[in-house]
$ cat upload-v4.txt   # compact mmCIF, C-alpha atoms
# COMPACT_ATOMS: atom_id res chain seq x y z
CA MET A 13 -9.38 35.55 -28.70
CA ALA A 14 -9.28 33.16 -25.74
CA LYS A 15 -12.63 34.52 -24.58
CA LYS A 16 -14.19 34.10 -28.04
CA LEU A 17 -12.97 30.50 -28.23
CA GLY A 18 -14.64 29.70 -24.93
CA LEU A 19 -11.38 29.55 -23.01
CA HIS A 20 -12.77 31.74 -20.27
CA ASP A 21 -10.45 30.44 -17.54
CA VAL A 22 -7.39 31.13 -19.68
CA TYR A 23 -8.71 34.59 -20.52
CA SER A 24 -9.37 35.40 -16.86
CA MET A 25 -5.94 34.18 -15.78
CA TYR A 26 -4.25 36.26 -18.47
CA MET A 27 -6.18 39.38 -17.52
CA ASP A 28 -5.07 38.90 -13.89
CA SER A 29 -1.45 38.41 -14.91
CA VAL A 30 1.41 40.87 -15.10
CA HIS A 31 1.09 40.80 -18.89
CA GLY A 32 -2.66 41.47 -18.77
CA PHE A 33 -2.21 44.36 -16.36
CA ALA A 34 0.57 45.81 -18.50
CA LEU A 35 -1.70 45.77 -21.54
CA THR A 36 -5.03 46.87 -20.05
CA LYS A 37 -3.97 49.00 -17.08
CA ASP A 38 -0.70 50.52 -18.23
CA GLY A 39 -1.46 50.62 -21.95
CA LEU A 40 1.79 48.90 -22.93
CA LEU A 41 1.12 47.59 -26.43
CA VAL A 42 4.41 45.67 -26.36
CA ALA A 43 3.11 43.45 -23.54
CA ALA A 44 2.85 39.76 -24.41
CA THR A 45 -0.51 38.59 -25.74
CA CYS A 46 -1.74 35.19 -26.95
CA SER A 47 0.00 35.48 -30.32
CA SER A 48 3.29 36.44 -28.69
CA CYS A 49 3.58 32.96 -27.24
CA HIS A 50 1.42 30.79 -29.49
CA GLY A 51 2.15 32.43 -32.82
CA THR A 52 -0.26 34.14 -35.19
CA HIS A 53 -1.36 31.74 -37.93
CA LYS A 54 0.74 28.62 -37.59
CA VAL A 55 -0.47 27.80 -34.09
CA LEU A 56 0.66 24.32 -33.09
CA SER A 57 -0.13 22.09 -30.13
CA ARG A 58 2.27 22.35 -27.22
CA THR A 59 3.06 18.66 -27.77
CA ASN A 60 4.45 19.44 -31.23
CA PRO A 61 8.26 19.89 -31.16
CA ASN A 62 7.89 22.77 -33.65
CA SER A 63 5.44 24.64 -31.44
CA ARG A 64 6.53 27.84 -29.75
CA THR A 65 5.02 26.45 -26.56
CA TYR A 66 6.77 23.07 -26.76
CA ARG A 67 8.65 22.58 -23.51
CA THR A 68 12.18 22.89 -24.88
CA ASN A 69 11.19 25.97 -26.90
CA ILE A 70 9.70 27.89 -23.97
CA PRO A 71 12.91 29.74 -22.96
CA SER A 72 13.39 31.03 -26.51
CA THR A 73 9.74 32.04 -26.78
CA CYS A 74 9.89 34.00 -23.54
CA GLY A 75 13.31 35.25 -24.59
CA SER A 76 11.82 37.06 -27.57
CA CYS A 77 10.80 39.71 -25.01
CA HIS A 78 13.09 38.85 -22.10
CA LYS A 79 16.37 38.52 -24.00
CA GLY A 80 18.67 39.24 -21.08
CA THR A 81 16.86 36.76 -18.86
CA GLU A 82 17.08 34.12 -21.59
CA MET A 83 20.84 34.58 -21.78
CA GLN A 84 21.15 34.25 -18.01
CA TYR A 85 18.99 31.12 -18.03
CA PHE A 86 21.09 29.33 -20.66
CA ALA A 87 24.27 30.33 -18.84
CA GLY A 88 22.93 28.61 -15.73
CA ILE A 89 22.76 24.93 -14.83
CA HIS A 90 19.08 24.57 -15.76
CA GLY A 91 19.56 25.99 -19.26
CA LYS A 92 22.67 23.89 -19.82
CA LYS A 93 20.80 20.74 -18.84
CA LEU A 94 17.92 21.61 -21.15
CA ARG A 95 20.27 22.12 -24.10
CA ALA A 96 21.93 18.81 -23.25
CA GLY A 97 18.57 17.11 -23.79
CA ASP A 98 17.32 16.82 -20.21
CA THR A 99 13.63 17.71 -20.56
CA ARG A 100 13.21 17.50 -16.78
CA ALA A 101 15.17 20.72 -16.41
CA PRO A 102 12.89 23.55 -15.26
CA VAL A 103 11.86 26.15 -17.80
CA CYS A 104 10.15 29.53 -17.43
CA ILE A 105 6.62 28.20 -16.93
CA ASP A 106 7.63 25.92 -14.07
CA CYS A 107 8.31 28.93 -11.86
CA HIS A 108 6.22 31.65 -13.48
CA THR A 109 3.28 29.49 -14.73
CA THR A 110 1.77 29.92 -18.18
CA HIS A 111 -1.06 32.45 -18.13
CA GLN A 112 -1.53 33.82 -14.61
CA ILE A 113 2.01 35.18 -14.26
CA SER A 114 2.51 37.21 -11.08
CA ARG A 115 5.11 39.78 -10.18
CA PRO A 116 8.09 38.13 -8.45
CA SER A 117 7.61 40.59 -5.58
CA ALA A 118 4.15 39.15 -4.81
CA ALA A 119 4.07 37.26 -1.50
CA SER A 120 1.96 34.44 -2.95
CA TRP A 121 4.43 33.91 -5.80
CA GLN A 122 7.41 33.77 -3.46
CA VAL A 123 5.81 31.16 -1.21
CA LYS A 124 4.67 29.01 -4.15
CA THR A 125 7.99 29.22 -5.97
CA THR A 126 9.95 28.08 -2.93
CA ALA A 127 7.77 24.97 -2.93
CA THR A 128 8.27 24.68 -6.71
CA CYS A 129 12.04 24.46 -6.24
CA GLY A 130 11.35 21.71 -3.73
CA ASN A 131 9.64 19.58 -6.37
CA CYS A 132 13.10 18.74 -7.69
CA HIS A 133 15.20 19.56 -4.63
CA LYS A 134 13.19 17.79 -1.93
CA GLU A 135 16.07 17.25 0.50
CA ARG A 136 17.21 20.85 0.16
CA LEU A 137 13.69 22.12 0.78
CA ALA A 138 13.39 19.97 3.91
CA THR A 139 16.59 21.39 5.40
CA TYR A 140 15.58 24.91 4.33
CA HIS A 141 12.36 24.53 6.34
CA ASP A 142 14.51 23.98 9.45
CA THR A 143 16.12 27.40 9.08
CA PHE A 144 15.18 30.76 10.54
CA HIS A 145 14.60 32.12 7.02
CA SER A 146 11.89 29.57 6.26
CA GLN A 147 10.23 29.80 9.67
CA VAL A 148 9.95 33.57 9.36
CA SER A 149 8.49 33.15 5.87
CA ALA A 150 5.94 30.64 7.20
CA LEU A 151 4.71 33.31 9.61
CA GLY A 152 3.87 35.54 6.65
CA TYR A 153 7.00 37.69 6.43
CA VAL A 154 8.26 37.23 2.88
CA GLU A 155 11.10 39.75 3.10
CA THR A 156 13.49 36.96 3.96
CA ALA A 157 15.88 34.74 2.04
CA HIS A 158 14.33 32.30 -0.41
CA CYS A 159 16.05 29.94 -2.84
CA TRP A 160 16.74 32.56 -5.52
CA ASP A 161 18.08 35.13 -3.06
CA CYS A 162 21.09 32.89 -2.52
CA HIS A 163 21.29 30.86 -5.72
CA ALA A 164 20.22 33.67 -8.13
CA GLU A 165 17.05 33.70 -10.19
CA HIS A 166 18.10 32.55 -13.65
CA GLU A 167 21.86 32.14 -13.93
CA ILE A 168 21.94 29.42 -11.30
CA LEU A 169 25.35 27.78 -11.01
CA PRO A 170 26.68 24.98 -8.78
CA ALA A 171 28.75 25.98 -5.75
CA SER A 172 31.82 24.51 -7.45
CA ASP A 173 31.65 27.22 -10.15
CA PRO A 174 33.70 30.32 -9.19
CA LYS A 175 30.99 32.53 -10.73
CA SER A 176 28.25 31.01 -8.58
CA THR A 177 26.59 33.22 -5.99
CA VAL A 178 27.05 30.38 -3.49
CA ALA A 179 30.72 29.73 -4.29
CA ALA A 180 32.79 30.02 -1.12
CA ALA A 181 34.52 33.21 -2.28
CA ASN A 182 31.18 34.90 -3.05
CA LEU A 183 29.16 33.99 0.03
CA THR A 184 30.00 37.14 1.97
CA THR A 185 28.73 39.26 -0.93
CA THR A 186 25.61 37.13 -1.38
CA CYS A 187 24.69 37.16 2.31
CA GLY A 188 25.62 40.84 2.45
CA LYS A 189 22.68 41.71 0.18
CA CYS A 190 20.43 41.25 3.21
CA HIS A 191 22.96 41.36 6.04
CA SER A 192 24.77 44.64 5.48
CA GLY A 193 28.20 44.72 7.02
CA ALA A 194 28.42 40.93 7.01
CA GLU A 195 31.87 39.63 7.87
CA ALA A 196 33.71 36.76 6.23
CA ARG A 197 32.72 34.37 9.02
CA ILE A 198 29.11 34.49 7.83
CA ALA A 199 30.26 32.13 5.07
CA SER A 200 30.59 29.38 7.69
CA TYR A 201 26.81 29.34 8.11
CA GLN A 202 25.32 26.10 6.80
CA PRO A 203 21.84 26.85 5.41
CA HIS A 204 21.16 23.23 4.46
CA ALA A 205 22.66 21.45 7.46
CA ASP A 206 20.85 18.15 8.02
CA SER A 207 20.45 17.51 11.73
CA HIS A 208 19.99 13.79 10.98
CA ASP A 209 23.26 13.42 9.08
CA ARG A 210 25.93 12.53 11.65
CA LYS A 211 28.78 12.19 9.14
CA LYS A 212 28.43 15.53 7.37
CA PHE A 213 27.13 17.62 10.26
CA PRO A 214 28.24 16.01 13.55
CA PHE A 215 27.91 19.20 15.61
CA VAL A 216 24.35 19.85 14.42
CA TYR A 217 23.50 16.16 14.80
CA TYR A 218 24.63 15.89 18.44
CA THR A 219 23.17 19.29 19.30
CA ARG A 220 19.78 18.07 18.08
CA ILE A 221 20.09 14.91 20.18
CA PHE A 222 21.07 16.95 23.24
CA MET A 223 18.13 19.32 22.77
CA ASP A 224 15.73 16.40 22.24
CA LEU A 225 16.94 14.72 25.42
CA LEU A 226 16.77 18.00 27.32
CA LEU A 227 13.21 18.58 26.15
CA LEU A 228 12.12 15.04 27.02
CA SER A 229 13.79 15.13 30.43
CA VAL A 230 12.19 18.47 31.35
CA LEU A 231 8.77 17.31 30.18
CA GLY A 232 9.23 13.95 31.91
CA PHE A 233 10.26 15.60 35.18
CA PHE A 234 7.26 17.89 35.32
CA ILE A 235 4.83 15.19 34.21
CA LEU A 236 6.11 12.97 37.04
CA HIS A 237 5.98 15.95 39.41
CA THR A 238 2.36 16.59 38.45
CA ILE A 239 1.39 12.93 38.90
CA LEU A 240 3.01 12.80 42.36
CA TRP A 241 1.30 16.05 43.29
CA PHE A 242 -2.10 14.61 42.37
CA ILE A 243 -1.33 11.48 44.41
CA ARG A 244 -0.42 13.58 47.43
CA ALA A 245 -3.51 15.74 46.96
CA PHE A 246 -5.64 12.57 46.86
CA PHE A 247 -4.30 11.27 50.18
CA ASP A 248 -4.33 14.71 51.76
CA ARG A 249 -7.93 15.39 50.85
CA PRO A 250 -10.25 16.31 53.75
CA LYS A 251 -11.94 13.33 55.40
CA PRO A 252 -15.66 13.41 56.18
CA GLY A 253 -16.38 14.55 59.74
CA VAL A 254 -12.85 15.77 60.43
CA PRO A 255 -12.53 19.56 60.65
CA THR A 256 -9.88 20.88 58.29
CA GLU A 257 -8.10 22.89 60.97
CA SER A 258 -7.72 19.78 63.20
CA ARG A 259 -6.02 17.65 60.56
CA ALA A 260 -2.43 16.74 61.32
CA PRO A 261 0.27 17.11 58.66
CA GLY A 262 0.28 14.22 56.19
CA GLY A 263 -3.49 13.85 56.32
CA GLN A 264 -3.60 12.05 59.69

$ encode --input "upload-v4.txt" --output "structure tokens"
Amino acid sequence: MAKKLGLHDVYSMYMDSVHGFALTKDGLLVAATCSSCHGTHKVLSRTNPNSRTYRTNIPSTCGSCHKGTEMQYFAGIHGKKLRAGDTRAPVCIDCHTTHQISRPSAASWQVKTTATCGNCHKERLATYHDTFHSQVSALGYVETAHCWDCHAEHEILPASDPKSTVAAANLTTTCGKCHSGAEARIASYQPHADSHDRKKFPFVYYTRIFMDLLLLSVLGFFILHTILWFIRAFFDRPKPGVPTESRAPGGQ
């Protein structure tokens, strides 16, 4: 239908999506098609509050196939905020997009979605980029911890909630998904420690200052050493008419 209506880009994106592959490659007739999301006859604009693709209706629309995921979403902080009337709360399409939906295991999706979380959680993303997990990911190794590995994918709860994956009592289990045999002390790790916040993270703050000073002092020492070496080499250069072997120490 999208192709017939001249929506070639939409058609191409759908065919390259997990839904398109499920339908055309795997032959799954239950895979979502245009009408699954937009309706069959009463197709309304996504700006219409009654539309199946209206922002606040998206979780329920996707939930018609992904019922368990819908329940997890509304049990989490994002779903609760959406039901409370906060339209800024992320919905399915913010992470999974609309038509070109990739498998969550795809490397490109994981990198993009980490940045997507950062659209709302800028400070958290900045401190995440300082961690080993992010730096390894930046080198192309995606089998490392991203936002959802710690905070869960859909039923995301604040750390103050006992059921949260990042609640103090659950951190050993959460970290243990990747770090088998993790001990309780792993919970003391601070994944979002801000090295510029002296009040909250004094140890990290002063460690950063020490390392900065150490780096500058080492660089400064060797820069000065190099400059002095060039000065000495200038004055010790061979003089015209004076054989090299007859020169006294110090260039005399």

$ atom_distance --input "upload-v4.txt" --atom1 "CA of Ala43 in chain A" --atom2 "CA of Met27 in chain A"
11.8 Å

$ atom_distance --input "upload-v4.txt" --atom1 "CA of Glu82 in chain A" --atom2 "CA of Gly39 in chain A"
24.8 Å

$ closest_residue --input "upload-v4.txt" --among "A:Cys74, A:Ala119, A:Ile89, A:Cys129" --to "Ile105 in chain A" --atoms "all atoms listed in the file"
A:Cys74

$ atom_distance --input "upload-v4.txt" --atom1 "CA of Trp160 in chain A" --atom2 "CA of Gln122 in chain A"
9.6 Å

$ closest_residue --input "upload-v4.txt" --among "A:Ser76, A:Gln112, A:Ser176, A:Thr143" --to "Tyr201 in chain A" --atoms "all atoms listed in the file"
A:Thr143

$ closest_residue --input "upload-v4.txt" --among "A:Thr139, A:Ser192, A:Asn131, A:Ser29" --to "Asp206 in chain A" --atoms "all atoms listed in the file"
A:Thr139

$ closest_residue --input "upload-v4.txt" --among "A:Gln84, A:Thr65, A:Thr126, A:Asn60" --to "Cys46 in chain A" --atoms "all atoms listed in the file"
A:Thr65

$ closest_residue --input "upload-v4.txt" --among "A:Thr110, A:Ser57, A:Thr128, A:Thr186" --to "Thr45 in chain A" --atoms "all atoms listed in the file"
A:Thr110

$ closest_residue --input "upload-v4.txt" --among "A:Leu231, A:Leu35, A:Ala127, A:Ala87" --to "Ala164 in chain A" --atoms "only C-alpha atoms"
A:Ala87

$ residues_around --input "upload-v4.txt" --residues "Arg197 in chain A" --least-positions-apart "2" --cutoff "12 Å" --atoms "all atoms listed in the file" --output "ChimeraX atom specification"
/A:180-181,183-185,187-188,193-195,199-202
